[in-house]
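Undergrad: Coordinates in coords.pdb, PDB, C-alpha atoms, pLDDT in the B column, are listed below.
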```pdb
ATOM      1  CA  MET Y  21      84.840  97.000 135.532  1.00 76.00           C
ATOM      2  CA  GLY Y  22      84.792 100.631 134.456  1.00 87.00           C
ATOM      3  CA  GLN Y  23      82.302 102.230 132.130  1.00 89.00           C
ATOM      4  CA  TYR Y  24      84.697 102.618 129.214  1.00 92.00           C
ATOM      5  CA  LEU Y  25      85.716  98.970 129.369  1.00 92.00           C
ATOM      6  CA  ASN Y  26      82.064  97.931 129.688  1.00 91.00           C
ATOM      7  CA  ILE Y  27      81.219  99.889 126.564  1.00 93.00           C
ATOM      8  CA  GLU Y  28      84.146  98.376 124.687  1.00 93.00           C
ATOM      9  CA  ASN Y  29      83.338  94.823 125.789  1.00 92.00           C
ATOM     10  CA  ASN Y  30      79.697  95.151 124.764  1.00 93.00           C
ATOM     11  CA  ILE Y  31      80.460  96.604 121.370  1.00 95.00           C
ATOM     12  CA  PHE Y  32      83.385  94.272 120.671  1.00 95.00           C
ATOM     13  CA  SER Y  33      81.125  91.310 121.474  1.00 94.00           C
ATOM     14  CA  VAL Y  34      79.291  91.955 118.195  1.00 95.00           C
ATOM     15  CA  PHE Y  35      82.473  91.328 116.236  1.00 95.00           C
ATOM     16  CA  ASN Y  36      83.201  88.175 118.194  1.00 94.00           C
ATOM     17  CA  THR Y  37      79.971  86.429 117.221  1.00 95.00           C
ATOM     18  CA  ASP Y  38      80.001  83.486 114.823  1.00 95.00           C
ATOM     19  CA  ALA Y  39      77.481  85.339 112.666  1.00 96.00           C
ATOM     20  CA  TRP Y  40      79.778  88.347 112.199  1.00 95.00           C
ATOM     21  CA  LYS Y  41      82.825  86.120 111.626  1.00 94.00           C
ATOM     22  CA  ALA Y  42      80.841  84.330 108.925  1.00 95.00           C
ATOM     23  CA  GLU Y  43      80.499  87.649 107.081  1.00 94.00           C
ATOM     24  CA  SER Y  44      84.254  87.336 106.368  1.00 92.00           C
ATOM     25  CA  ILE Y  45      84.951  91.044 106.697  1.00 93.00           C
ATOM     26  CA  LYS Y  46      88.351  91.620 108.278  1.00 92.00           C
ATOM     27  CA  THR Y  47      87.673  93.677 111.402  1.00 94.00           C
ATOM     28  CA  LEU Y  48      90.267  95.561 113.404  1.00 93.00           C
ATOM     29  CA  PRO Y  49      90.116  98.055 116.256  1.00 94.00           C
ATOM     30  CA  ASN Y  50      91.913 101.393 116.078  1.00 92.00           C
ATOM     31  CA  ASN Y  51      95.602 101.543 117.027  1.00 89.00           C
ATOM     32  CA  LEU Y  52      96.296  98.409 115.069  1.00 86.00           C
ATOM     33  CA  VAL Y  53      97.878  98.486 111.639  1.00 80.00           C
ATOM     34  CA  ASN Y  54      96.293  96.271 109.038  1.00 74.00           C
ATOM     35  CA  VAL Y  55      98.646  93.661 107.628  1.00 67.00           C
ATOM     36  CA  ASN Y  56      98.123  90.659 105.378  1.00 60.00           C
ATOM     37  CA  SER Y  57      94.851  91.970 104.002  1.00 60.00           C
ATOM     38  CA  ASP Y  58      93.660  91.365 100.479  1.00 67.00           C
ATOM     39  CA  GLY Y  59      92.470  94.942 100.313  1.00 81.00           C
ATOM     40  CA  GLU Y  60      89.270  95.148 102.307  1.00 92.00           C
ATOM     41  CA  PHE Y  61      88.744  95.680 105.999  1.00 94.00           C
ATOM     42  CA  ILE Y  62      86.898  97.756 108.593  1.00 95.00           C
ATOM     43  CA  ARG Y  63      88.350  99.648 111.549  1.00 95.00           C
ATOM     44  CA  VAL Y  64      86.282 100.075 114.703  1.00 97.00           C
ATOM     45  CA  SER Y  65      86.655 103.138 116.952  1.00 97.00           C
ATOM     46  CA  ILE Y  66      84.502 103.707 120.020  1.00 97.00           C
ATOM     47  CA  ILE Y  67      84.066 107.288 121.195  1.00 97.00           C
ATOM     48  CA  PRO Y  68      82.185 107.670 124.480  1.00 94.00           C
ATOM     49  CA  SER Y  69      81.468 111.348 124.136  1.00 88.00           C
ATOM     50  CA  GLY Y  70      79.088 112.580 126.795  1.00 84.00           C
ATOM     51  CA  ASN Y  71      76.999 111.985 129.867  1.00 83.00           C
ATOM     52  CA  LEU Y  72      73.301 111.369 130.130  1.00 79.00           C
ATOM     53  CA  THR Y  73      71.217 112.430 133.095  1.00 78.00           C
ATOM     54  CA  ASN Y  74      73.034 110.312 135.660  1.00 82.00           C
ATOM     55  CA  ILE Y  75      76.598 109.133 136.228  1.00 83.00           C
ATOM     56  CA  ASN Y  76      75.752 105.557 135.300  1.00 85.00           C
ATOM     57  CA  ALA Y  77      74.887 106.438 131.737  1.00 91.00           C
ATOM     58  CA  LYS Y  78      76.852 107.751 128.776  1.00 93.00           C
ATOM     59  CA  THR Y  79      76.314 108.709 125.197  1.00 95.00           C
ATOM     60  CA  GLY Y  80      78.765 107.906 122.489  1.00 96.00           C
ATOM     61  CA  VAL Y  81      79.466 107.270 118.845  1.00 97.00           C
ATOM     62  CA  LEU Y  82      80.742 104.146 117.185  1.00 97.00           C
ATOM     63  CA  ILE Y  83      82.764 105.050 114.111  1.00 98.00           C
ATOM     64  CA  ILE Y  84      83.626 102.316 111.658  1.00 98.00           C
ATOM     65  CA  ASP Y  85      85.966 103.069 108.786  1.00 97.00           C
ATOM     66  CA  ILE Y  86      85.181 100.886 105.796  1.00 97.00           C
ATOM     67  CA  PHE Y  87      88.023 100.293 103.348  1.00 95.00           C
ATOM     68  CA  THR Y  88      87.403  98.641 100.007  1.00 95.00           C
ATOM     69  CA  LYS Y  89      89.427  98.413  96.819  1.00 93.00           C
ATOM     70  CA  VAL Y  90      89.611 101.516  94.672  1.00 93.00           C
ATOM     71  CA  GLY Y  91      87.834 101.426  91.326  1.00 93.00           C
ATOM     72  CA  ILE Y  92      84.989  99.048  92.144  1.00 93.00           C
ATOM     73  CA  GLY Y  93      82.279 101.636  92.748  1.00 95.00           C
ATOM     74  CA  PRO Y  94      80.273 102.203  95.951  1.00 95.00           C
ATOM     75  CA  LYS Y  95      78.261  98.975  96.056  1.00 96.00           C
ATOM     76  CA  ARG Y  96      80.671  96.921  98.187  1.00 96.00           C
ATOM     77  CA  SER Y  97      81.107  99.657 100.811  1.00 97.00           C
ATOM     78  CA  ILE Y  98      77.362 100.210 100.997  1.00 97.00           C
ATOM     79  CA  THR Y  99      76.771  96.465 101.322  1.00 97.00           C
ATOM     80  CA  ILE Y 100      79.176  96.344 104.262  1.00 97.00           C
ATOM     81  CA  ALA Y 101      77.351  99.316 105.831  1.00 98.00           C
ATOM     82  CA  ASP Y 102      74.044  97.464 105.464  1.00 97.00           C
ATOM     83  CA  GLN Y 103      75.620  94.399 107.062  1.00 97.00           C
ATOM     84  CA  LEU Y 104      76.801  96.564 109.968  1.00 98.00           C
ATOM     85  CA  ASP Y 105      73.304  98.018 110.279  1.00 97.00           C
ATOM     86  CA  SER Y 106      71.815  94.557 110.580  1.00 97.00           C
ATOM     87  CA  TYR Y 107      73.972  93.954 113.664  1.00 97.00           C
ATOM     88  CA  LEU Y 108      73.849  97.426 115.182  1.00 97.00           C
ATOM     89  CA  SER Y 109      71.092  99.784 114.056  1.00 97.00           C
ATOM     90  CA  GLY Y 110      68.319  99.950 116.659  1.00 96.00           C
ATOM     91  CA  LYS Y 111      69.841  97.022 118.553  1.00 95.00           C
ATOM     92  CA  THR Y 112      70.512  96.763 122.280  1.00 94.00           C
ATOM     93  CA  LEU Y 113      73.595  94.864 123.395  1.00 91.00           C
ATOM     94  CA  SER Y 114      74.028  93.423 126.848  1.00 86.00           C
ATOM     95  CA  THR Y 115      76.849  91.042 127.674  1.00 80.00           C
ATOM     96  CA  THR Y 116      76.580  91.652 131.416  1.00 79.00           C
ATOM     97  CA  GLN Y 117      73.394  91.815 133.459  1.00 81.00           C
ATOM     98  CA  GLY Y 118      72.424  95.386 134.260  1.00 87.00           C
ATOM     99  CA  ILE Y 119      74.577  96.881 131.531  1.00 89.00           C
ATOM    100  CA  SER Y 120      73.376  97.695 128.061  1.00 92.00           C
ATOM    101  CA  VAL Y 121      74.454  99.606 124.970  1.00 94.00           C
ATOM    102  CA  GLN Y 122      71.595 100.859 122.850  1.00 95.00           C
ATOM    103  CA  PHE Y 123      72.270 101.892 119.252  1.00 97.00           C
ATOM    104  CA  MET Y 124      70.298 104.404 117.220  1.00 97.00           C
ATOM    105  CA  GLY Y 125      70.287 104.985 113.451  1.00 97.00           C
ATOM    106  CA  SER Y 126      73.476 105.110 111.416  1.00 98.00           C
ATOM    107  CA  SER Y 127      74.916 107.353 108.732  1.00 98.00           C
ATOM    108  CA  LEU Y 128      77.434 106.722 105.981  1.00 98.00           C
ATOM    109  CA  LYS Y 129      79.889 109.115 104.350  1.00 98.00           C
ATOM    110  CA  PRO Y 130      82.352 108.601 101.479  1.00 97.00           C
ATOM    111  CA  ASN Y 131      85.756 110.174 102.126  1.00 97.00           C
ATOM    112  CA  GLY Y 132      87.673 109.319  98.957  1.00 96.00           C
ATOM    113  CA  ARG Y 133      90.905 107.416  98.652  1.00 95.00           C
ATOM    114  CA  ASP Y 134      92.754 106.527 101.796  1.00 91.00           C
ATOM    115  CA  LYS Y 135      95.737 108.835 102.254  1.00 90.00           C
ATOM    116  CA  ASP Y 136      98.077 106.152 103.571  1.00 84.00           C
ATOM    117  CA  ASN Y 137      97.061 103.488 101.072  1.00 86.00           C
ATOM    118  CA  PRO Y 138      95.658 104.992  97.860  1.00 89.00           C
ATOM    119  CA  THR Y 139      94.632 101.535  96.610  1.00 91.00           C
ATOM    120  CA  LEU Y 140      91.812 101.635  99.169  1.00 93.00           C
ATOM    121  CA  TYR Y 141      88.609 103.690  99.139  1.00 95.00           C
ATOM    122  CA  TRP Y 142      87.406 104.931 102.502  1.00 96.00           C
ATOM    123  CA  TYR Y 143      83.857 105.310 103.830  1.00 98.00           C
ATOM    124  CA  THR Y 144      82.919 106.251 107.388  1.00 98.00           C
ATOM    125  CA  TYR Y 145      79.966 104.526 109.009  1.00 98.00           C
ATOM    126  CA  THR Y 146      78.784 106.337 112.137  1.00 98.00           C
ATOM    127  CA  ILE Y 147      76.207 105.209 114.676  1.00 98.00           C
ATOM    128  CA  PRO Y 148      75.419 106.903 118.004  1.00 97.00           C
ATOM    129  CA  PHE Y 149      74.745 104.876 121.126  1.00 96.00           C
ATOM    130  CA  ASN Y 150      73.637 105.236 124.722  1.00 95.00           C
ATOM    131  CA  TYR Y 151      75.178 103.239 127.535  1.00 94.00           C
ATOM    132  CA  PHE Y 152      73.139 102.389 130.619  1.00 91.00           C
ATOM    133  CA  GLU Y 153      74.234 100.797 133.854  1.00 87.00           C
ATOM    134  CA  VAL Y 154      71.546  99.672 136.304  1.00 81.00           C
ATOM    135  CA  GLN Y 155      72.840  99.076 139.811  1.00 69.00           C
TER     136      GLN Y 155
ATOM    137  CA  MET F  17     127.656  89.926  87.544  1.00 71.00           C
ATOM    138  CA  SER F  18     124.334  91.711  87.901  1.00 92.00           C
ATOM    139  CA  TYR F  19     124.226  95.288  89.121  1.00 93.00           C
ATOM    140  CA  LYS F  20     121.923  94.174  91.943  1.00 92.00           C
ATOM    141  CA  ASN F  21     124.503  91.713  93.277  1.00 92.00           C
ATOM    142  CA  LEU F  22     127.346  94.156  92.673  1.00 93.00           C
ATOM    143  CA  ILE F  23     125.731  96.962  94.674  1.00 94.00           C
ATOM    144  CA  GLY F  24     124.505  94.544  97.344  1.00 92.00           C
ATOM    145  CA  ARG F  25     128.027  93.228  97.856  1.00 93.00           C
ATOM    146  CA  ASN F  26     129.366  96.772  98.083  1.00 95.00           C
ATOM    147  CA  VAL F  27     126.792  97.701 100.709  1.00 94.00           C
ATOM    148  CA  VAL F  28     127.977  94.755 102.819  1.00 94.00           C
ATOM    149  CA  LYS F  29     131.584  95.827 102.180  1.00 95.00           C
ATOM    150  CA  ALA F  30     130.785  99.407 103.234  1.00 95.00           C
ATOM    151  CA  PHE F  31     129.285  98.214 106.526  1.00 95.00           C
ATOM    152  CA  ASN F  32     132.471  96.222 107.152  1.00 94.00           C
ATOM    153  CA  LEU F  33     134.773  99.108 106.198  1.00 95.00           C
ATOM    154  CA  VAL F  34     133.276 101.580 108.682  1.00 95.00           C
ATOM    155  CA  GLY F  35     134.470  99.343 111.509  1.00 93.00           C
ATOM    156  CA  ASP F  36     133.053 100.209 114.909  1.00 94.00           C
ATOM    157  CA  LEU F  37     130.680 102.796 113.430  1.00 95.00           C
ATOM    158  CA  ALA F  38     128.518  99.806 112.569  1.00 96.00           C
ATOM    159  CA  ASP F  39     126.966  98.221 115.650  1.00 95.00           C
ATOM    160  CA  ASP F  40     125.712  94.682 115.934  1.00 95.00           C
ATOM    161  CA  VAL F  41     121.972  94.630 116.616  1.00 97.00           C
ATOM    162  CA  ILE F  42     119.198  92.058 116.825  1.00 96.00           C
ATOM    163  CA  ILE F  43     115.904  92.877 115.133  1.00 96.00           C
ATOM    164  CA  THR F  44     112.852  91.030 116.381  1.00 93.00           C
ATOM    165  CA  ASN F  45     109.917  90.997 113.990  1.00 90.00           C
ATOM    166  CA  GLU F  46     106.428  89.865 114.883  1.00 84.00           C
ATOM    167  CA  ASN F  47     103.509  89.629 112.565  1.00 76.00           C
ATOM    168  CA  SER F  48      99.929  90.058 113.607  1.00 70.00           C
ATOM    169  CA  THR F  49      97.155  88.751 111.462  1.00 67.00           C
ATOM    170  CA  ASP F  50      94.154  89.187 113.686  1.00 77.00           C
ATOM    171  CA  PHE F  51      92.546  90.779 116.711  1.00 87.00           C
ATOM    172  CA  ASP F  52      90.733  88.739 119.351  1.00 90.00           C
ATOM    173  CA  PHE F  53      87.543  90.678 120.113  1.00 91.00           C
ATOM    174  CA  SER F  54      86.701  88.445 123.085  1.00 89.00           C
ATOM    175  CA  GLU F  55      90.019  89.126 124.841  1.00 87.00           C
ATOM    176  CA  GLY F  56      90.538  92.580 123.351  1.00 86.00           C
ATOM    177  CA  GLU F  57      94.088  91.658 122.357  1.00 85.00           C
ATOM    178  CA  VAL F  58      96.173  91.320 119.245  1.00 85.00           C
ATOM    179  CA  THR F  59      96.896  87.789 118.103  1.00 82.00           C
ATOM    180  CA  HIS F  60     100.625  87.555 117.470  1.00 77.00           C
ATOM    181  CA  SER F  61     102.281  85.030 115.276  1.00 75.00           C
ATOM    182  CA  LYS F  62     105.751  83.712 116.015  1.00 76.00           C
ATOM    183  CA  GLN F  63     108.754  85.999 116.326  1.00 85.00           C
ATOM    184  CA  THR F  64     111.683  86.051 113.970  1.00 90.00           C
ATOM    185  CA  LYS F  65     115.052  87.314 115.160  1.00 93.00           C
ATOM    186  CA  ILE F  66     117.594  88.733 112.739  1.00 94.00           C
ATOM    187  CA  THR F  67     121.167  89.592 113.648  1.00 95.00           C
ATOM    188  CA  THR F  68     122.481  92.438 111.526  1.00 96.00           C
ATOM    189  CA  GLN F  69     124.470  95.690 111.676  1.00 96.00           C
ATOM    190  CA  MET F  70     123.289  99.260 112.123  1.00 97.00           C
ATOM    191  CA  ILE F  71     125.007 102.581 111.509  1.00 96.00           C
ATOM    192  CA  ILE F  72     123.640 105.464 113.552  1.00 95.00           C
ATOM    193  CA  THR F  73     123.551 108.580 111.405  1.00 93.00           C
ATOM    194  CA  GLU F  74     121.755 111.008 113.702  1.00 89.00           C
ATOM    195  CA  VAL F  75     120.969 111.261 117.411  1.00 90.00           C
ATOM    196  CA  SER F  76     118.462 113.463 119.185  1.00 86.00           C
ATOM    197  CA  THR F  77     116.993 113.560 122.650  1.00 80.00           C
ATOM    198  CA  LYS F  78     113.866 115.459 123.500  1.00 75.00           C
ATOM    199  CA  ALA F  79     113.598 116.378 127.153  1.00 69.00           C
ATOM    200  CA  SER F  80     109.988 117.330 127.595  1.00 71.00           C
ATOM    201  CA  GLU F  81     106.999 115.770 129.296  1.00 71.00           C
ATOM    202  CA  MET F  82     107.261 113.095 126.632  1.00 72.00           C
ATOM    203  CA  LYS F  83     110.923 112.130 126.873  1.00 73.00           C
ATOM    204  CA  ASP F  84     112.138 110.585 123.665  1.00 77.00           C
ATOM    205  CA  ASP F  85     115.547 109.313 122.652  1.00 88.00           C
ATOM    206  CA  LYS F  86     115.603 109.091 118.904  1.00 91.00           C
ATOM    207  CA  LYS F  87     118.252 107.815 116.519  1.00 93.00           C
ATOM    208  CA  MET F  88     118.354 107.537 112.762  1.00 95.00           C
ATOM    209  CA  ALA F  89     119.495 104.059 111.808  1.00 96.00           C
ATOM    210  CA  LEU F  90     120.991 102.912 108.524  1.00 96.00           C
ATOM    211  CA  LEU F  91     120.393  99.214 107.926  1.00 96.00           C
ATOM    212  CA  LYS F  92     120.907  96.705 105.162  1.00 96.00           C
ATOM    213  CA  THR F  93     117.499  96.217 103.536  1.00 94.00           C
ATOM    214  CA  ALA F  94     118.195  92.582 102.718  1.00 92.00           C
ATOM    215  CA  GLU F  95     118.649  91.838 106.423  1.00 92.00           C
ATOM    216  CA  VAL F  96     115.926  93.836 108.182  1.00 90.00           C
ATOM    217  CA  GLY F  97     112.940  91.671 107.298  1.00 81.00           C
ATOM    218  CA  ASP F  98     109.402  92.986 107.626  1.00 82.00           C
ATOM    219  CA  ILE F  99     109.606  95.897 110.069  1.00 87.00           C
ATOM    220  CA  ASN F 100     106.229  96.822 111.523  1.00 84.00           C
ATOM    221  CA  ASP F 101     104.621  98.214 114.688  1.00 83.00           C
ATOM    222  CA  TRP F 102     105.568  95.123 116.699  1.00 85.00           C
ATOM    223  CA  SER F 103     109.206  95.053 115.629  1.00 91.00           C
ATOM    224  CA  SER F 104     111.963  95.933 118.047  1.00 93.00           C
ATOM    225  CA  LEU F 105     115.697  96.360 117.863  1.00 95.00           C
ATOM    226  CA  LEU F 106     118.119  95.258 120.570  1.00 96.00           C
ATOM    227  CA  TYR F 107     121.062  97.662 120.686  1.00 94.00           C
ATOM    228  CA  GLN F 108     123.640  97.674 123.488  1.00 92.00           C
ATOM    229  CA  GLY F 109     121.299  95.562 125.605  1.00 94.00           C
ATOM    230  CA  ILE F 110     118.404  98.000 125.303  1.00 93.00           C
ATOM    231  CA  SER F 111     115.239  97.403 123.314  1.00 94.00           C
ATOM    232  CA  TRP F 112     114.336 100.168 120.852  1.00 95.00           C
ATOM    233  CA  LYS F 113     111.105 100.524 118.911  1.00 94.00           C
ATOM    234  CA  PHE F 114     110.929 101.462 115.263  1.00 94.00           C
ATOM    235  CA  GLY F 115     109.500 104.821 114.235  1.00 92.00           C
ATOM    236  CA  PRO F 116     108.709 106.091 110.753  1.00 90.00           C
ATOM    237  CA  LEU F 117     110.520 104.660 107.777  1.00 92.00           C
ATOM    238  CA  ILE F 118     112.507 107.527 106.266  1.00 94.00           C
ATOM    239  CA  HIS F 119     113.851 105.816 103.159  1.00 94.00           C
ATOM    240  CA  SER F 120     114.120 102.314 101.859  1.00 93.00           C
ATOM    241  CA  ASP F 121     115.369 100.896  98.605  1.00 93.00           C
ATOM    242  CA  ARG F 122     116.491  97.398  97.783  1.00 93.00           C
ATOM    243  CA  PHE F 123     119.906  98.017  99.343  1.00 95.00           C
ATOM    244  CA  VAL F 124     119.625 100.276 102.389  1.00 95.00           C
ATOM    245  CA  THR F 125     116.901 101.267 104.818  1.00 96.00           C
ATOM    246  CA  ILE F 126     116.893 104.422 106.927  1.00 96.00           C
ATOM    247  CA  VAL F 127     114.481 104.309 109.813  1.00 95.00           C
ATOM    248  CA  GLU F 128     113.937 106.134 113.088  1.00 94.00           C
ATOM    249  CA  ILE F 129     114.381 104.122 116.259  1.00 94.00           C
ATOM    250  CA  HIS F 130     113.008 105.299 119.599  1.00 93.00           C
ATOM    251  CA  LYS F 131     113.654 104.423 123.222  1.00 88.00           C
TER     252      LYS F 131
END
```
Go ahead and render the structure in this file as structure tokens.
TA:
Amino acid sequence: MGQYLNIENNIFSVFNTDAWKAESIKTLPNNLVNVNSDGEFIRVSIIPSGNLTNINAKTGVLIIDIFTKVGIGPKRSITIADQLDSYLSGKTLSTTQGISVQFMGSSLKPNGRDKDNPTLYWYTYTIPFNYFEVQ
Amino acid sequence: MSYKNLIGRNVVKAFNLVGDLADDVIITNENSTDFDFSEGEVTHSKQTKITTQMIITEVSTKASEMKDDKKMALLKTAEVGDINDWSSLLYQGISWKFGPLIHSDRFVTIVEIHK
């Protein structure tokens, strides 16, 4: 399996856990339009953006767009960001032996109303990661 | 008679009056409600097929590295169902995908279709 797919599989595994499903936050990857939502969801985009010191390692950023209903204030978005932190910040993921994705600290930015759906407010949660492959 | 029914009936009549300018097409709609993070795939619900008529109002072909045959399709809103990213339109035996929705009211829908 290639590095990009390894990274995706490791990160996606977080959103496939029973614990994350129990959070009841609709989670979608990019390139998938949200339908049948009651107005709150997150969109996960993985950006492997650079190399580390050897070819079996990469750096990257996980960007998660958080959409909540307009007019409810920041608390819900921030709560979702904290929930994401509890699964990601400082954590190391490893679904396959010898492969790991190590997350650092996150940041959160409000962007205003979503342009496509102005009934949603949009925050961006960003967390850098390093990918390591031990052969 | 209500204006809604009156206009709706006239839209149907107009599609019949233009004769062979209106083509028979089959629209296939699929809804997705979820994404399977273990498989990395979209979970599709069942398909619905709708037989309707389409009037092509504009045709363009872009011959570049990204070849694109595009048509502007006029459809009866009451018969198109829920068009989304997974919808397709069967026209002259060829499957076309839907592009951006240009205009839609309760009577007619104008949408790009791409091959």
Undergrad: Written as JSON, numbers by chain, which residues does the PyMOL selection byres ((chain Y and resi 53) around 9) give for the file shown?
TA: {"Y": [48, 50, 51, 52, 54, 55], "F": [48, 100, 101]}
Undergrad: Output the residue selection produced by the ChimeraX specification (/Y :<9) & /F on the file above, formatted as an NGL selection string.
TA: :F and (47-56 or 58 or 100-101)
Undergrad: Using the chain letters and numbering of this document, enumerate as an mmCIF file with C-alpha atoms, in the frame of the given file the residues selected by the PyMOL selection byres ((chain Y and resi 141-153) around 7).
TA:
```
data_model
loop_
_atom_site.group_PDB
_atom_site.id
_atom_site.type_symbol
_atom_site.label_atom_id
_atom_site.label_comp_id
_atom_site.auth_asym_id
_atom_site.auth_seq_id
_atom_site.Cartn_x
_atom_site.Cartn_y
_atom_site.Cartn_z
ATOM 1 C CA ILE Y 27 81.219 99.889 126.564
ATOM 2 C CA ASN Y 76 75.752 105.557 135.300
ATOM 3 C CA ALA Y 77 74.887 106.438 131.737
ATOM 4 C CA LYS Y 78 76.852 107.751 128.776
ATOM 5 C CA THR Y 79 76.314 108.709 125.197
ATOM 6 C CA GLY Y 80 78.765 107.906 122.489
ATOM 7 C CA VAL Y 81 79.466 107.270 118.845
ATOM 8 C CA LEU Y 82 80.742 104.146 117.185
ATOM 9 C CA ILE Y 83 82.764 105.050 114.111
ATOM 10 C CA ILE Y 84 83.626 102.316 111.658
ATOM 11 C CA ASP Y 85 85.966 103.069 108.786
ATOM 12 C CA ILE Y 86 85.181 100.886 105.796
ATOM 13 C CA PHE Y 87 88.023 100.293 103.348
ATOM 14 C CA THR Y 88 87.403 98.641 100.007
ATOM 15 C CA LYS Y 89 89.427 98.413 96.819
ATOM 16 C CA VAL Y 90 89.611 101.516 94.672
ATOM 17 C CA SER Y 97 81.107 99.657 100.811
ATOM 18 C CA ALA Y 101 77.351 99.316 105.831
ATOM 19 C CA GLY Y 118 72.424 95.386 134.260
ATOM 20 C CA ILE Y 119 74.577 96.881 131.531
ATOM 21 C CA SER Y 120 73.376 97.695 128.061
ATOM 22 C CA VAL Y 121 74.454 99.606 124.970
ATOM 23 C CA GLN Y 122 71.595 100.859 122.850
ATOM 24 C CA PHE Y 123 72.270 101.892 119.252
ATOM 25 C CA MET Y 124 70.298 104.404 117.220
ATOM 26 C CA GLY Y 125 70.287 104.985 113.451
ATOM 27 C CA SER Y 126 73.476 105.110 111.416
ATOM 28 C CA SER Y 127 74.916 107.353 108.732
ATOM 29 C CA LEU Y 128 77.434 106.722 105.981
ATOM 30 C CA LYS Y 129 79.889 109.115 104.350
ATOM 31 C CA PRO Y 130 82.352 108.601 101.479
ATOM 32 C CA ASN Y 131 85.756 110.174 102.126
ATOM 33 C CA GLY Y 132 87.673 109.319 98.957
ATOM 34 C CA ARG Y 133 90.905 107.416 98.652
ATOM 35 C CA ASP Y 134 92.754 106.527 101.796
ATOM 36 C CA THR Y 139 94.632 101.535 96.610
ATOM 37 C CA LEU Y 140 91.812 101.635 99.169
ATOM 38 C CA VAL Y 154 71.546 99.672 136.304
ATOM 39 C CA GLN Y 155 72.840 99.076 139.811
#
```
Undergrad: Which one is closest to Ser106 of chain Y: Y:Val64, Y:Asn26, Y:Ala39, Y:Asn74? Count all atoms listed in the file.
TA: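 Smallest separation from Ser106 of chain Y among the options: Y:Ala39.
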Undergrad: So the first atom is atom CA of Ile66 of chain F and the second is atom CA of Met88 of chain F; what is the distance between them in Å, to one decimal place?
TA: 18.8 Å
Undergrad: Have a look at atom CA of Val41 of chain F and atom CA of Met70 of chain F and let me know their distance in Å, one decimal.
TA: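 The value is 6.6 Å.
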Undergrad: Step by step: start from the point (108.2, 90.3, 108.0) in the file's coordinates, keep every protein, DNA or RNA residue that has an atom no farther than 8 Å from it, count all atoms listed in the file, and write the set as a PyMOL selection string.
TA: chain F and resi 45-47+97-100
